[in-house]
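So this block is run.txt, compact mmCIF, C-alpha atoms:
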```txt
# COMPACT_ATOMS: atom_id res chain seq x y z
CA MET A 2 0.00 0.00 0.00
CA GLY A 3 1.35 3.42 -0.94
CA ARG A 4 1.01 6.80 0.69
CA PRO A 5 -2.59 8.11 0.64
CA ARG A 6 -3.18 10.82 -1.95
CA ALA A 7 -2.86 14.35 -0.54
CA THR A 8 -6.11 16.26 -0.78
CA SER A 9 -5.49 19.48 1.14
CA PRO A 10 -3.00 22.35 1.23
CA ALA A 11 -2.04 21.43 4.80
CA VAL A 12 -1.09 17.89 3.83
CA LEU A 13 0.91 19.12 0.86
CA GLU A 14 2.75 21.60 3.10
CA ARG A 15 3.73 18.90 5.58
CA LEU A 16 4.96 16.56 2.84
CA ALA A 17 6.91 19.37 1.20
CA PHE A 18 8.51 20.42 4.49
CA GLU A 19 9.63 16.82 5.05
CA LEU A 20 11.28 16.86 1.63
CA PHE A 21 12.84 20.28 2.25
CA ALA A 22 14.34 18.98 5.50
CA ARG A 23 15.84 15.95 3.74
CA LYS A 24 16.87 17.37 0.36
CA GLY A 25 16.94 21.14 0.81
CA PHE A 26 14.51 23.70 -0.56
CA ASP A 27 16.29 24.42 -3.84
CA GLU A 28 16.89 20.74 -4.54
CA THR A 29 13.23 19.79 -4.04
CA THR A 30 11.06 20.20 -7.12
CA VAL A 31 7.30 20.52 -7.54
CA ASP A 32 7.44 17.10 -9.22
CA ASP A 33 9.07 15.68 -6.07
CA ILE A 34 6.30 17.10 -3.89
CA ALA A 35 3.56 15.87 -6.21
CA ALA A 36 5.10 12.39 -6.33
CA ALA A 37 5.37 12.23 -2.53
CA ALA A 38 1.71 13.21 -2.28
CA GLY A 39 0.60 10.75 -4.94
CA ILE A 40 -0.92 13.46 -7.12
CA ALA A 41 -0.30 14.84 -10.59
CA ARG A 42 1.84 17.94 -11.07
CA ARG A 43 -1.19 19.86 -12.35
CA THR A 44 -3.06 18.98 -9.16
CA PHE A 45 -0.32 20.63 -7.09
CA PHE A 46 -0.98 23.89 -8.92
CA ARG A 47 -4.64 23.76 -7.94
CA TYR A 48 -3.48 24.27 -4.37
CA PHE A 49 -0.42 26.51 -4.80
CA SER A 50 0.79 28.70 -7.62
CA SER A 51 4.44 27.82 -6.92
CA LYS A 52 6.80 26.10 -4.51
CA ASN A 53 7.46 29.49 -2.90
CA ASP A 54 3.74 30.00 -2.40
CA LEU A 55 3.54 26.70 -0.54
CA VAL A 56 6.14 27.83 1.99
CA TRP A 57 4.03 30.86 2.93
CA GLY A 58 0.79 28.89 3.31
CA ASP A 59 -2.45 30.84 3.42
CA PHE A 60 -0.74 34.21 3.63
CA GLU A 61 -3.76 36.26 2.56
CA GLY A 62 -5.87 34.53 5.18
CA GLN A 63 -3.21 35.30 7.76
CA LEU A 64 -3.27 38.97 6.82
CA ARG A 65 -7.06 39.02 7.23
CA SER A 66 -6.64 37.53 10.71
CA LEU A 67 -4.14 40.23 11.68
CA ARG A 68 -6.48 42.96 10.39
CA GLU A 69 -9.34 41.46 12.41
CA LEU A 70 -7.26 41.44 15.59
CA LEU A 71 -6.38 45.09 15.08
CA ASP A 72 -9.98 46.01 14.21
CA GLU A 73 -11.13 44.39 17.45
CA ALA A 74 -8.66 46.38 19.57
CA ASP A 75 -10.19 48.55 22.27
CA PRO A 76 -9.94 52.17 21.04
CA ASN A 77 -9.12 53.22 24.60
CA VAL A 78 -5.98 51.06 24.65
CA PRO A 79 -2.80 52.97 23.71
CA MET A 80 -2.00 52.42 20.07
CA MET A 81 1.28 50.56 20.45
CA ASP A 82 -0.19 48.36 23.18
CA ALA A 83 -2.95 47.46 20.74
CA VAL A 84 -0.42 46.67 18.02
CA ARG A 85 1.73 44.61 20.38
CA ARG A 86 -1.20 42.59 21.69
CA ALA A 87 -2.55 41.91 18.20
CA VAL A 88 0.83 40.87 16.80
CA VAL A 89 1.61 38.62 19.77
CA GLU A 90 -1.80 36.96 19.59
CA PHE A 91 -1.43 36.57 15.83
CA ASN A 92 1.80 34.64 16.42
CA ARG A 93 0.49 32.18 19.00
CA PHE A 94 0.49 28.59 17.80
CA ASP A 95 -0.66 25.29 19.20
CA PRO A 96 2.36 23.37 20.57
CA GLN A 97 2.05 20.67 17.88
CA ASP A 98 2.26 23.34 15.17
CA VAL A 99 5.35 25.10 16.53
CA PRO A 100 7.94 22.77 14.91
CA TRP A 101 6.32 23.25 11.51
CA HIS A 102 6.16 27.01 11.97
CA ARG A 103 9.80 27.04 13.01
CA GLN A 104 10.73 25.17 9.85
CA ARG A 105 8.60 27.51 7.75
CA MET A 106 10.33 30.58 9.16
CA GLN A 107 13.78 29.03 8.84
CA LEU A 108 13.07 28.67 5.14
CA ILE A 109 11.63 32.16 4.75
CA LEU A 110 14.47 33.86 6.61
CA GLY A 111 17.29 31.58 5.52
CA VAL A 112 16.82 30.53 1.89
CA PRO A 113 18.17 33.16 -0.55
CA THR A 114 15.77 32.15 -3.33
CA LEU A 115 12.86 33.05 -1.07
CA GLN A 116 14.11 36.52 -0.19
CA ALA A 117 12.62 38.39 -3.16
CA ASP A 118 9.25 36.83 -2.44
CA ALA A 119 9.65 37.65 1.24
CA THR A 120 10.14 41.33 0.42
CA LEU A 121 6.75 41.48 -1.29
CA ARG A 122 5.02 39.58 1.51
CA TYR A 123 6.59 41.76 4.17
CA ALA A 124 5.35 44.84 2.35
CA SER A 125 1.79 43.49 2.54
CA TRP A 126 2.18 42.66 6.25
CA ARG A 127 3.69 46.08 6.98
CA SER A 128 0.80 47.81 5.19
CA VAL A 129 -1.65 46.28 7.69
CA ILE A 130 0.17 47.96 10.59
CA THR A 131 0.58 51.19 8.63
CA ALA A 132 -3.14 51.34 7.84
CA PHE A 133 -4.06 50.74 11.49
CA VAL A 134 -1.78 53.52 12.71
CA ALA A 135 -3.04 55.86 10.01
CA GLU A 136 -6.64 55.24 11.01
CA ARG A 137 -5.91 55.73 14.71
CA THR A 138 -3.96 58.97 14.15
CA GLY A 139 -6.15 60.36 11.39
CA ALA A 140 -3.12 60.66 9.13
CA PRO A 141 -2.97 59.36 5.55
CA VAL A 142 -1.20 56.05 5.06
CA THR A 143 1.43 57.95 3.07
CA ALA A 144 2.35 60.14 6.05
CA LEU A 145 5.68 59.71 7.80
CA VAL A 146 4.44 58.42 11.16
CA PRO A 147 2.28 55.53 9.87
CA ARG A 148 5.12 54.53 7.54
CA LEU A 149 7.60 54.71 10.40
CA ALA A 150 5.38 52.60 12.65
CA GLY A 151 4.87 49.95 9.98
CA ASN A 152 8.57 49.65 9.27
CA VAL A 153 9.67 49.63 12.90
CA VAL A 154 7.10 47.03 13.94
CA LEU A 155 8.06 44.79 11.01
CA SER A 156 11.77 45.12 11.86
CA ALA A 157 11.08 44.29 15.50
CA CYS A 158 9.13 41.19 14.49
CA VAL A 159 11.80 39.97 12.07
CA SER A 160 14.46 40.50 14.76
CA ALA A 161 12.33 38.57 17.25
CA TYR A 162 11.91 35.71 14.81
CA GLU A 163 15.64 35.58 14.09
CA PHE A 164 16.35 35.44 17.83
CA TRP A 165 13.71 32.74 18.33
CA LEU A 166 15.11 30.58 15.53
CA ALA A 167 18.63 30.91 16.92
CA SER A 168 17.47 30.03 20.44
CA GLY A 169 16.59 26.69 21.94
CA GLU A 170 13.21 25.13 21.36
CA GLU A 171 12.18 26.03 24.91
CA THR A 172 12.08 29.71 23.91
CA VAL A 173 8.48 30.86 23.45
CA LEU A 174 7.92 32.91 20.30
CA ALA A 175 5.08 34.97 21.77
CA ASP A 176 7.29 36.00 24.71
CA VAL A 177 10.12 37.10 22.43
CA LEU A 178 7.75 39.12 20.23
CA ASP A 179 6.16 40.71 23.28
CA GLU A 180 9.56 41.78 24.60
CA ALA A 181 10.73 43.10 21.23
CA LEU A 182 7.61 45.18 20.73
CA ARG A 183 7.75 46.52 24.28
CA GLN A 184 11.31 47.68 23.56
CA VAL A 185 10.20 49.72 20.54
CA SER A 186 6.88 50.89 21.97
CA ALA A 187 8.33 53.56 24.27
CA GLY A 188 10.12 55.35 21.46
CA LEU A 189 7.24 55.02 19.01
CA SER A 190 4.65 56.09 21.56
CA ALA A 191 6.41 59.43 21.98
CA VAL A 192 6.25 59.95 18.21
CA LEU A 193 2.67 58.75 17.90
CA ASP A 194 1.43 61.09 20.61
CA GLY A 195 2.28 63.96 18.30
CA ALA A 196 1.32 62.23 15.07
CA GLY A 197 -1.45 64.70 14.27
CA SER A 198 1.12 67.39 13.54
CA VAL A 199 3.13 65.28 11.09
CA SER A 200 1.98 65.39 7.48
CA ALA A 201 2.94 63.44 4.39
```

Is it possible to give me this structure as structure tokens?
Amino acid sequence: MGRPRATSPAVLERLAFELFARKGFDETTVDDIAAAAGIARRTFFRYFSSKNDLVWGDFEGQLRSLRELLDEADPNVPMMDAVRRAVVEFNRFDPQDVPWHRQRMQLILGVPTLQADATLRYASWRSVITAFVAERTGAPVTALVPRLAGNVVLSACVSAYEFWLASGEETVLADVLDEALRQVSAGLSAVLDGAGSVSA
């Protein structure tokens, strides 16, 4: 009896990650993934537009989740506290999913062929934070302060992820992100308090 045919994006991701771990990302082809799943190559492309796309999973769905967390933030909570809480909650994972997420992020942050794609994805993620800050401050998304907030929060998160990946498995991602965002919040809060006077 062979391996059951893969019928979901999640199953394909797990099979692909197993191959990436054994062969390397660049050395693993779409044909390899399709063969491991027992499906045709064309079936793979019904789930993912490319091998890179598979690594990111349901990225658009993830962005919607982050927007929802920010939209649900109490308007009375200081802006950077709201951002920190939303981002930390967004990055909480069930314990059984943590090893897979760690492998996903090791690929995203460590494989050169994924870096160009990562730049585009990061821009989309950053725009969610920028839009939230713009709405809270009443400034246009093109203004300096929302742009600054989006870039600083993204940089803090990438730094937190790099630290987490370099640390032992006992390190909790949510704790590292919380600490990183607390470190930047004080400086940003001082800027954001006067955001109404900063124009594009």

Proximity check range 118-157 of chain A to range 76-85 of chain A, 9 Å, nearest pairs one decimal Å, all atoms listed in the file, as a tab-separated table:
```
residue	atom	partner	partner_atom	distance
A:Ile130	CA	A:Val84	CA	7.6
A:Phe133	CA	A:Val84	CA	8.5
A:Val134	CA	A:Met80	CA	7.4
A:Arg137	CA	A:Met80	CA	7.4
A:Val154	CA	A:Val84	CA	8.6
```

Problem set entry | Straight-line distance linking CA of Ser128 in chain A with CA of Phe18 in chain A, stated in Å to one decimal | 28.5 Å

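The gap separating CA of Lys52 in chain A from CA of Pro100 in chain A is 19.7 Å, in Å to one decimal.
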
For this session: List the neighbours of Tyr48 in chain A out to 12 Å using only C-alpha atoms; skip same-chain residues closer than 3 positions along the sequence, and give me the result as a ChimeraX atom specification.
Result: /A:7-14,31,35,40-45,51-52,54-55,58-59

Problem set entry | Å distance separating CA of Gln116 in chain A from CA of Leu64 in chain A, one decimal place |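 It comes out at 18.9 Å.
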
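With all atoms listed in the file as the basis for measurement, A:Ala150 is the residue among A:Ala150, A:Ala140, A:Leu16, A:Ala36 that approaches Val185 in chain A most closely.
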
For this session: Extract, using all atoms listed in the file, all DNA, RNA and protein residues at most 9 Å from Arg148 in chain A, discarding same-chain residues fewer than 5 positions from it, and format them as a ChimeraX atom specification.
Result: /A:127-128,130-132,134-135,142-143,153

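Candidate residues A:Ala187, A:Val56, A:Val88, A:Ala181 were compared for distance to Gln104 in chain A, and the nearest is A:Val56, using only C-alpha atoms.
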
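Remark: for Glu171 in chain A, the closest of the candidate residues A:Thr114, A:Val99, A:Leu145, A:Arg86 is A:Val99 (distances computed over only C-alpha atoms).
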